[in-house]
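Chemist: Quick one: the structure is below, questions incoming.
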Amino acid sequence: MSAEAYAGGQINILVVDDRPENVTALSAILDRHDYNVVAAGSGTEALKRLLEIDVAVILLDVRMPGMDGFETARRMRQRERMRSVPIIFLTADAGDLRLVDEAYAAGAVDYLVKPLDPAVVRAKVAVFAELFLKAEQIRQKEEERREIDRRRSAALLAESEELFETTFQEAAIGIAHVSPDGRWLRANTRLCELIGEPVADLLRLRLADVVRVEDLPALQDAASRMLSGGEKLRTIEVRFAPRRGADVWVRMTMSLLRDASGTPKRLVVTADDVTERRRAAESQRFLSEASELLIGSRDHAAALAGVARLAVPRVCDLCIVELAGEAGPLAVADVDEERGAAIEQERREASRVEIVRDARLHADLSHADGTPAPSGLRERGLTSAIVVPLIARGRALGAMTFAVGVRRPYSAADLELAEDLAHRAALAIDNARLFAQAQDAIRVRDEFLSIASHELRTPLTPLQLQLQRLLGVRQAGLIETLPPDRVRAILARCERQVTRLASLIDDLLDVSRITSGRLKLDVEYPVDLTELVREITSRFQEEAHRASCAIVVRAPEEPVEGAWDRLRLEQVMTNLVSNALKYGAGTPIEVIVEDAGDAATLIVRDEGIGIAQEKIAKIFDRFERGVSARAYGGLGLGLYIARQIVDAHKGSIHVVSEPGHGAAFTVELPKRPLSSGTAPQARGAHG
Ligand code: ADP
């Protein structure tokens, strides 16, 4: 109800009468502060008034010129707005039954007969006024309730919209709306993060503007399938290419919203970051390819260079492989070849390869974090690096360096991958080296076997010859005629060959003792080294004579005594002196004994052929020889056995030599090397 219709809390009562005096009289009767009597002089006017105001009751005169009361009532009943307003007919003709019927037929609820009784008029009007008020109150309550409902639903709606907006914005997955022609319409925070654009900038772009060119065909195919109605939902994996920073792989799901008529309205796009998953898968692929390279090749240098090439650009922009003890890198692979060459050159000039023992992650090369960063990378535009050692059986064999420029910086996951790769590479290097060593050992053993058979054969031939000579003489029955000196000479020659054979066999037996850890010292005290030296050198006089060597002994007058294994020391001296005679034939030989307090020193020096520098480290090893078997006989065991014996005495042996200028072997022996009489397990038992 409008304010005018029900103003100031007054109830409208419409009086319809063509006579003003009647209106006045009724107004007087109904004069109450809560009534507002509205007058209408005709049916037409009444209908008009009723369009403007709500009334509680209508007092309608039956007899009016023009449209009479009944006609007016009928018209009122035809109108929705007025149909239910109660009408009390006023008539001067109470006795006219026809009138009464007509009144009710016209929809009156009551009638009054003139002259009016004010009390009756008031009572009847009051009933309708009361009804009207009640109805009005109910209506107001209803209105209020409706208002409350309306406000509540508005609040609920606002809340749900806010909830939707928050969910949309805060979702951990990127969500966006894209128009059918590919423009971004709406995007949440996560999506903007993935693309690396603030939302305002993003909304000026198209979907295709932020996707890597290579992935556009897949995107366009998916979008057109959606729009042509073929598919409801489509998932693809594409890369967002942010203006700054690394590409982001996303799993993108598209679905299509249509309006009521079925026209495509917008694409709903969700995007989830799968960079890490793809990176892990790619890492695994790379690792297995690299492993194949490493396992498939015995040439570890070539395999490592292959791995470096494989790593660029898949896991790095630059890969350097360095091996300990080398003068420069083994391999450098770089996306920028010129830069790679410069880095390789620089490292080669630095000449020594620095080998780290711990893996290092330099996530940001421009930010010093205490650990020294690999040199020469930051200056050349590389921003992040990893250095991992190549460790096998506890030994650092080398290192691998990986570096990137304008890409996602390295993380702990990359470090793990690099360590895994380095582990495999180190194993491959170690295996290749072990294989080479094993091959070397086999070669040395085969050489030894051929030398040994030759060496064992050498004394046999003259021995056989001498014996055949004796037998021949005897068969001819001439043995008696042979002068005793000849017989002695023949037997002496035989004995020398037998001794030679025995000594070769002893050497072989010693090697087998040493390798099986059965070399035992029989230590006695005192053993005088001076006396021993004199005895041994005197045994060699004849051989020295044959070799045109003069052996000079320089030793203190007093004994130089220690707790040693006499026979084993004799063996050491014998080996050194016989080598001096063999390799220094025709030159003077010096054998020197010195007393150095707690230790004794023995030096055997000749001026013979000497030893090439590169051989010096090896000649004390089993079967190792520095000369050709054709030029000099020998099993390559003398120095090996000597060193084992000296080691067992806790002493040391070394040589100083120059090719063509002789050799000086020095043995240092502690005077009391052992508490018990047994030797520890000999070193180098496996050769
Ligand atoms: P062999 O003499 O049977 O070859 P050794 O173990 O005694 O075996 O010596 C190993 C190698 O050391 C020899 O082959 C030789 O090249 C070198 N060598 C040993 N003594 C001398 C020496 N006095 N002068 C030069 N070379 C020597």
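Chain labels run A, B, ... following the order of the structure tokens; each chain numbers its residues from 1, and ligands are numbered from 1 in the order shown.
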Show me which residues are within 9 Å of ligand 1 counting only C-alpha atoms and all ligand atoms, and format the list as JSON, numbers by chain.
Modeler: {"A": [575, 576, 577, 578, 579, 580, 581, 582, 583, 584, 604, 605, 606, 607, 608, 609, 610, 611, 612, 615, 616, 618, 619, 620, 621, 622, 623, 624, 625, 626, 627, 628, 629, 632, 633, 634, 635, 636, 637, 638, 639, 640, 641, 642, 655, 657, 658, 659, 660, 662, 663, 664, 665]}
Chemist: List every residue of stretch 538-577 of chain A that DSSP, applied to the backbone, labels as alpha helix (DSSP H), and write the result as an MDAnalysis selection string.
Modeler: chainID A and resid 538:539 541:546 566:577
Chemist: Can you spit out the residues from that selection as an mmCIF file, in the first residue's frame, using C-alpha atoms?
Modeler:
```
data_model
loop_
_atom_site.group_PDB
_atom_site.id
_atom_site.type_symbol
_atom_site.label_atom_id
_atom_site.label_comp_id
_atom_site.auth_asym_id
_atom_site.auth_seq_id
_atom_site.Cartn_x
_atom_site.Cartn_y
_atom_site.Cartn_z
ATOM 1 C CA SER A 538 133.838 -62.825 -1.755
ATOM 2 C CA ARG A 539 131.439 -65.419 -3.190
ATOM 3 C CA GLN A 541 134.780 -62.725 -6.897
ATOM 4 C CA GLU A 542 134.893 -65.264 -9.677
ATOM 5 C CA GLU A 543 131.762 -63.946 -11.372
ATOM 6 C CA ALA A 544 133.062 -60.388 -10.954
ATOM 7 C CA HIS A 545 136.207 -61.406 -12.629
ATOM 8 C CA ARG A 546 134.288 -62.897 -15.530
ATOM 9 C CA ARG A 566 120.571 -63.741 7.963
ATOM 10 C CA LEU A 567 119.700 -65.912 4.979
ATOM 11 C CA ARG A 568 117.084 -63.468 3.710
ATOM 12 C CA LEU A 569 119.524 -60.551 3.946
ATOM 13 C CA GLU A 570 122.045 -62.672 2.038
ATOM 14 C CA GLN A 571 119.366 -63.083 -0.613
ATOM 15 C CA VAL A 572 118.830 -59.296 -0.819
ATOM 16 C CA MET A 573 122.556 -58.660 -1.172
ATOM 17 C CA THR A 574 122.966 -61.473 -3.693
ATOM 18 C CA ASN A 575 120.197 -60.048 -5.838
ATOM 19 C CA LEU A 576 121.612 -56.495 -5.721
ATOM 20 C CA VAL A 577 125.202 -57.518 -6.371
#
```
Chemist: Using DSSP secondary structure from the backbone, list all strand (DSSP E or B) positions within stretch 547-641 of chain A, as a list in words.
Modeler: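 Here is the list: Ile551, Val552, Val553, Arg554, Glu561, Gly562, Ala563, Trp564, Ile589, Glu590, Val591, Ile592, Val593, Glu594, Asp595, Ala596, Ala599, Ala600, Thr601, Leu602, Ile603, Val604, Arg605 and Asp606 of chain A.
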Chemist: Output N, CA, C and O atoms for every residue in the selection just made, as an mmCIF file, in the first residue's frame.
Modeler:
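Wrote it out as selection_21.cif, contents follow:
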```cif
data_model
loop_
_atom_site.group_PDB
_atom_site.id
_atom_site.type_symbol
_atom_site.label_atom_id
_atom_site.label_comp_id
_atom_site.auth_asym_id
_atom_site.auth_seq_id
_atom_site.Cartn_x
_atom_site.Cartn_y
_atom_site.Cartn_z
ATOM 1 N N ILE A 551 134.921 -55.373 -7.377
ATOM 2 C CA ILE A 551 133.965 -55.057 -6.309
ATOM 3 C C ILE A 551 134.739 -54.458 -5.143
ATOM 4 O O ILE A 551 135.688 -55.069 -4.633
ATOM 5 N N VAL A 552 134.369 -53.252 -4.762
ATOM 6 C CA VAL A 552 135.015 -52.593 -3.629
ATOM 7 C C VAL A 552 134.017 -52.552 -2.470
ATOM 8 O O VAL A 552 132.872 -52.144 -2.657
ATOM 9 N N VAL A 553 134.442 -52.981 -1.295
ATOM 10 C CA VAL A 553 133.564 -52.923 -0.111
ATOM 11 C C VAL A 553 134.040 -51.795 0.785
ATOM 12 O O VAL A 553 135.222 -51.685 1.070
ATOM 13 N N ARG A 554 133.099 -50.935 1.179
ATOM 14 C CA ARG A 554 133.443 -49.900 2.161
ATOM 15 C C ARG A 554 132.540 -50.116 3.363
ATOM 16 O O ARG A 554 131.326 -49.983 3.255
ATOM 17 N N GLU A 561 125.520 -54.366 13.822
ATOM 18 C CA GLU A 561 124.690 -55.516 14.168
ATOM 19 C C GLU A 561 123.207 -55.179 14.286
ATOM 20 O O GLU A 561 122.838 -54.075 14.684
ATOM 21 N N GLY A 562 122.406 -56.157 13.975
ATOM 22 C CA GLY A 562 120.960 -55.977 14.120
ATOM 23 C C GLY A 562 120.270 -57.310 14.271
ATOM 24 O O GLY A 562 120.915 -58.364 14.142
ATOM 25 N N ALA A 563 118.973 -57.256 14.551
ATOM 26 C CA ALA A 563 118.188 -58.494 14.654
ATOM 27 C C ALA A 563 117.533 -58.733 13.300
ATOM 28 O O ALA A 563 116.528 -58.095 12.979
ATOM 29 N N TRP A 564 118.141 -59.593 12.507
ATOM 30 C CA TRP A 564 117.664 -59.787 11.141
ATOM 31 C C TRP A 564 117.630 -61.263 10.799
ATOM 32 O O TRP A 564 118.209 -62.098 11.501
ATOM 33 N N ILE A 589 132.264 -51.711 -9.026
ATOM 34 C CA ILE A 589 131.061 -51.842 -8.188
ATOM 35 C C ILE A 589 131.449 -51.554 -6.750
ATOM 36 O O ILE A 589 132.476 -52.046 -6.267
ATOM 37 N N GLU A 590 130.590 -50.740 -6.109
ATOM 38 C CA GLU A 590 130.860 -50.393 -4.715
ATOM 39 C C GLU A 590 129.775 -50.992 -3.846
ATOM 40 O O GLU A 590 128.590 -50.875 -4.177
ATOM 41 N N VAL A 591 130.179 -51.612 -2.745
ATOM 42 C CA VAL A 591 129.183 -52.081 -1.769
ATOM 43 C C VAL A 591 129.523 -51.389 -0.453
ATOM 44 O O VAL A 591 130.641 -51.534 0.070
ATOM 45 N N ILE A 592 128.604 -50.582 0.056
ATOM 46 C CA ILE A 592 128.889 -49.731 1.217
ATOM 47 C C ILE A 592 127.966 -50.107 2.375
ATOM 48 O O ILE A 592 126.758 -50.302 2.172
ATOM 49 N N VAL A 593 128.559 -50.211 3.576
ATOM 50 C CA VAL A 593 127.736 -50.424 4.774
ATOM 51 C C VAL A 593 127.930 -49.210 5.667
ATOM 52 O O VAL A 593 129.055 -48.753 5.866
ATOM 53 N N GLU A 594 126.841 -48.656 6.173
ATOM 54 C CA GLU A 594 126.951 -47.516 7.092
ATOM 55 C C GLU A 594 126.133 -47.798 8.326
ATOM 56 O O GLU A 594 125.067 -48.427 8.248
ATOM 57 N N ASP A 595 126.666 -47.301 9.449
ATOM 58 C CA ASP A 595 125.934 -47.464 10.706
ATOM 59 C C ASP A 595 125.213 -46.151 10.987
ATOM 60 O O ASP A 595 125.848 -45.116 11.139
ATOM 61 N N ALA A 596 123.910 -46.165 10.975
ATOM 62 C CA ALA A 596 123.148 -44.920 11.177
ATOM 63 C C ALA A 596 122.426 -44.949 12.529
ATOM 64 O O ALA A 596 121.271 -44.551 12.627
ATOM 65 N N ALA A 599 119.620 -47.672 12.763
ATOM 66 C CA ALA A 599 119.451 -48.424 11.521
ATOM 67 C C ALA A 599 120.798 -48.651 10.849
ATOM 68 O O ALA A 599 121.785 -47.986 11.176
ATOM 69 N N ALA A 600 120.794 -49.608 9.936
ATOM 70 C CA ALA A 600 121.991 -49.850 9.138
ATOM 71 C C ALA A 600 121.645 -49.582 7.688
ATOM 72 O O ALA A 600 120.495 -49.776 7.280
ATOM 73 N N THR A 601 122.650 -49.083 6.946
ATOM 74 C CA THR A 601 122.384 -48.786 5.539
ATOM 75 C C THR A 601 123.321 -49.610 4.661
ATOM 76 O O THR A 601 124.508 -49.730 4.972
ATOM 77 N N LEU A 602 122.742 -50.153 3.593
ATOM 78 C CA LEU A 602 123.543 -50.904 2.632
ATOM 79 C C LEU A 602 123.345 -50.259 1.268
ATOM 80 O O LEU A 602 122.206 -50.031 0.850
ATOM 81 N N ILE A 603 124.453 -49.926 0.622
ATOM 82 C CA ILE A 603 124.330 -49.329 -0.718
ATOM 83 C C ILE A 603 125.114 -50.201 -1.709
ATOM 84 O O ILE A 603 126.251 -50.574 -1.429
ATOM 85 N N VAL A 604 124.471 -50.526 -2.837
ATOM 86 C CA VAL A 604 125.176 -51.252 -3.903
ATOM 87 C C VAL A 604 125.137 -50.361 -5.144
ATOM 88 O O VAL A 604 124.047 -50.017 -5.614
ATOM 89 N N ARG A 605 126.316 -49.958 -5.583
ATOM 90 C CA ARG A 605 126.360 -48.976 -6.674
ATOM 91 C C ARG A 605 127.186 -49.503 -7.840
ATOM 92 O O ARG A 605 128.241 -50.097 -7.634
ATOM 93 N N ASP A 606 126.709 -49.305 -9.045
ATOM 94 C CA ASP A 606 127.510 -49.651 -10.221
ATOM 95 C C ASP A 606 127.507 -48.472 -11.173
ATOM 96 O O ASP A 606 126.821 -47.475 -10.934
#
```
Chemist: What is the distance between atom CA of A:Asp528 and atom CA of A:Ile514, in Å to one decimal?
Modeler: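 Atom CA of A:Ile514 lies at a distance of 25.5 Å from atom CA of A:Asp528.
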Chemist: Please provide as number ranges by chain all residues within 9 Å of A:Ala108, with the sequence filter that same-chain residues fewer than 5 positions apart are discarded (counting only C-alpha atoms).
Modeler: A: 70, 73, 86-89, 102-103
Chemist: Have a look at A:Pro484, A:Gly381, A:Gly43, A:Pro462 and name the one nearest to A:Gly340; count only C-alpha atoms.
Modeler: A:Gly381
Chemist: Determine the nearest neighbour of A:Leu508 from the options A:Val523, A:Leu456, A:Leu185, A:Val211, counting only C-alpha atoms.
Modeler: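 The shortest atom-to-atom distance to A:Leu508 comes from A:Leu456.
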Chemist: Residues at most 7 Å from stretch 418-425 of chain A, counting only C-alpha atoms, excluding those fewer than 5 positions away in the same chain, as a list of chain:residue names?
Modeler: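 In the requested format, the answer is A:Leu287, A:Ser291, A:Leu294, A:Val388, A:Pro389, A:Leu390, A:Ile391, A:Met400.
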Chemist: Smallest atom-to-atom distance to A:His649: which of A:Ala489, A:Val498, A:Leu519, A:Leu318, using only C-alpha atoms?
Modeler: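 Using only C-alpha atoms, A:His649 sits closest to A:Leu519.
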Chemist: Give me, please, the distance in Å between atom CA of A:Leu116 and atom CA of A:Glu21, quoted to one decimal.
Modeler: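 That distance, rounded to one decimal, is 13.0 Å.
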Chemist: Between A:Arg251, A:Ala105, A:Gln644, A:Ala223, single out the one closest to A:Arg513, counting only C-alpha atoms.
Modeler: A:Gln644
Chemist: Find the spatial neighbours of A:Gly398, counting only C-alpha atoms, within a cut-off of 10 Å - ignore same-chain residues fewer than 2 positions away - and output them as a list in words.
Modeler: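 Here the qualifying residues turn out to be Val321, Glu322, Leu323, Ala324, Gly325, Glu326, Pro329, Leu330, Val353, Glu354, Ile355, Val356, Arg357, Val388, Pro389, Leu390, Ile391, Ala392, Arg395, Ala396, Met400, Ala422, Ala425, Ala426 and Ile429 of chain A.
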Chemist: Output N, CA and C atoms for every residue in that selection, as a tab-separated table (two decimals), in the first residue's frame.
Modeler:
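Saved result, out-v5.tsv, follows:
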```tsv
chain	number	residue	atom	x	y	z
A	321	VAL	N	84.26	-32.47	-17.72
A	321	VAL	CA	84.71	-33.69	-17.04
A	321	VAL	C	86.21	-33.59	-16.85
A	322	GLU	N	86.66	-33.75	-15.60
A	322	GLU	CA	88.10	-33.68	-15.33
A	322	GLU	C	88.54	-34.91	-14.56
A	323	LEU	N	89.75	-35.38	-14.86
A	323	LEU	CA	90.28	-36.54	-14.15
A	323	LEU	C	91.51	-36.14	-13.35
A	324	ALA	N	91.63	-36.71	-12.16
A	324	ALA	CA	92.74	-36.38	-11.27
A	324	ALA	C	94.07	-36.68	-11.97
A	325	GLY	N	95.03	-35.78	-11.75
A	325	GLY	CA	96.37	-36.01	-12.27
A	325	GLY	C	96.53	-35.65	-13.73
A	326	GLU	N	95.46	-35.22	-14.40
A	326	GLU	CA	95.57	-34.85	-15.81
A	326	GLU	C	95.89	-33.36	-15.90
A	329	PRO	N	91.07	-30.57	-18.75
A	329	PRO	CA	89.82	-31.34	-18.73
A	329	PRO	C	89.84	-32.48	-19.75
A	330	LEU	N	89.15	-33.54	-19.42
A	330	LEU	CA	89.01	-34.67	-20.34
A	330	LEU	C	88.00	-34.31	-21.43
A	353	VAL	N	94.44	-30.14	-12.30
A	353	VAL	CA	93.00	-30.30	-12.10
A	353	VAL	C	92.73	-30.38	-10.60
A	354	GLU	N	91.87	-29.47	-10.13
A	354	GLU	CA	91.51	-29.48	-8.71
A	354	GLU	C	90.37	-30.46	-8.51
A	355	ILE	N	90.56	-31.44	-7.68
A	355	ILE	CA	89.51	-32.43	-7.50
A	355	ILE	C	88.83	-32.24	-6.14
A	356	VAL	N	87.53	-32.02	-6.18
A	356	VAL	CA	86.78	-31.87	-4.93
A	356	VAL	C	86.43	-33.27	-4.40
A	357	ARG	N	86.19	-33.34	-3.11
A	357	ARG	CA	85.77	-34.63	-2.54
A	357	ARG	C	84.29	-34.64	-2.22
A	388	VAL	N	80.48	-32.25	-8.88
A	388	VAL	CA	80.41	-33.52	-8.15
A	388	VAL	C	81.69	-34.32	-8.38
A	389	PRO	N	82.20	-34.92	-7.30
A	389	PRO	CA	83.40	-35.73	-7.46
A	389	PRO	C	83.06	-37.09	-8.07
A	390	LEU	N	84.04	-37.66	-8.77
A	390	LEU	CA	83.88	-39.02	-9.30
A	390	LEU	C	84.62	-39.93	-8.33
A	391	ILE	N	83.85	-40.58	-7.46
A	391	ILE	CA	84.49	-41.39	-6.42
A	391	ILE	C	84.19	-42.87	-6.63
A	392	ALA	N	85.26	-43.67	-6.66
A	392	ALA	CA	85.06	-45.13	-6.73
A	392	ALA	C	85.99	-45.76	-5.71
A	395	ARG	N	88.18	-43.56	-3.63
A	395	ARG	CA	89.17	-42.66	-4.23
A	395	ARG	C	88.50	-41.68	-5.18
A	396	ALA	N	88.91	-40.39	-5.06
A	396	ALA	CA	88.35	-39.38	-5.96
A	396	ALA	C	89.13	-39.45	-7.27
A	400	MET	N	82.97	-33.80	-12.11
A	400	MET	CA	82.14	-33.31	-13.21
A	400	MET	C	81.52	-31.98	-12.78
A	422	ALA	N	77.45	-39.06	-11.52
A	422	ALA	CA	78.88	-39.12	-11.19
A	422	ALA	C	79.24	-40.48	-10.63
A	425	ALA	N	79.48	-42.79	-13.51
A	425	ALA	CA	80.66	-42.49	-14.32
A	425	ALA	C	81.91	-43.00	-13.60
A	426	ALA	N	81.98	-42.76	-12.27
A	426	ALA	CA	83.16	-43.17	-11.51
A	426	ALA	C	83.31	-44.69	-11.58
A	429	ILE	N	84.68	-45.61	-14.92
A	429	ILE	CA	86.12	-45.32	-15.05
A	429	ILE	C	86.90	-46.40	-14.30
```
Chemist: Tell me which of A:Ala331, A:Arg81, A:Ala502, A:Arg493 sits closest to A:Gly306, counting only C-alpha atoms.
Modeler: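 Closest residue, counting only C-alpha atoms: A:Ala331.
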Chemist: Env of A:Gly196: 12 Å cut, atoms = only C-alpha atoms, seq-sep filter 2 positions within chain, self excluded. Answer as a PyMOL selection string.
Modeler: chain A and resi 174+189-194+198-202+210-211+240-248
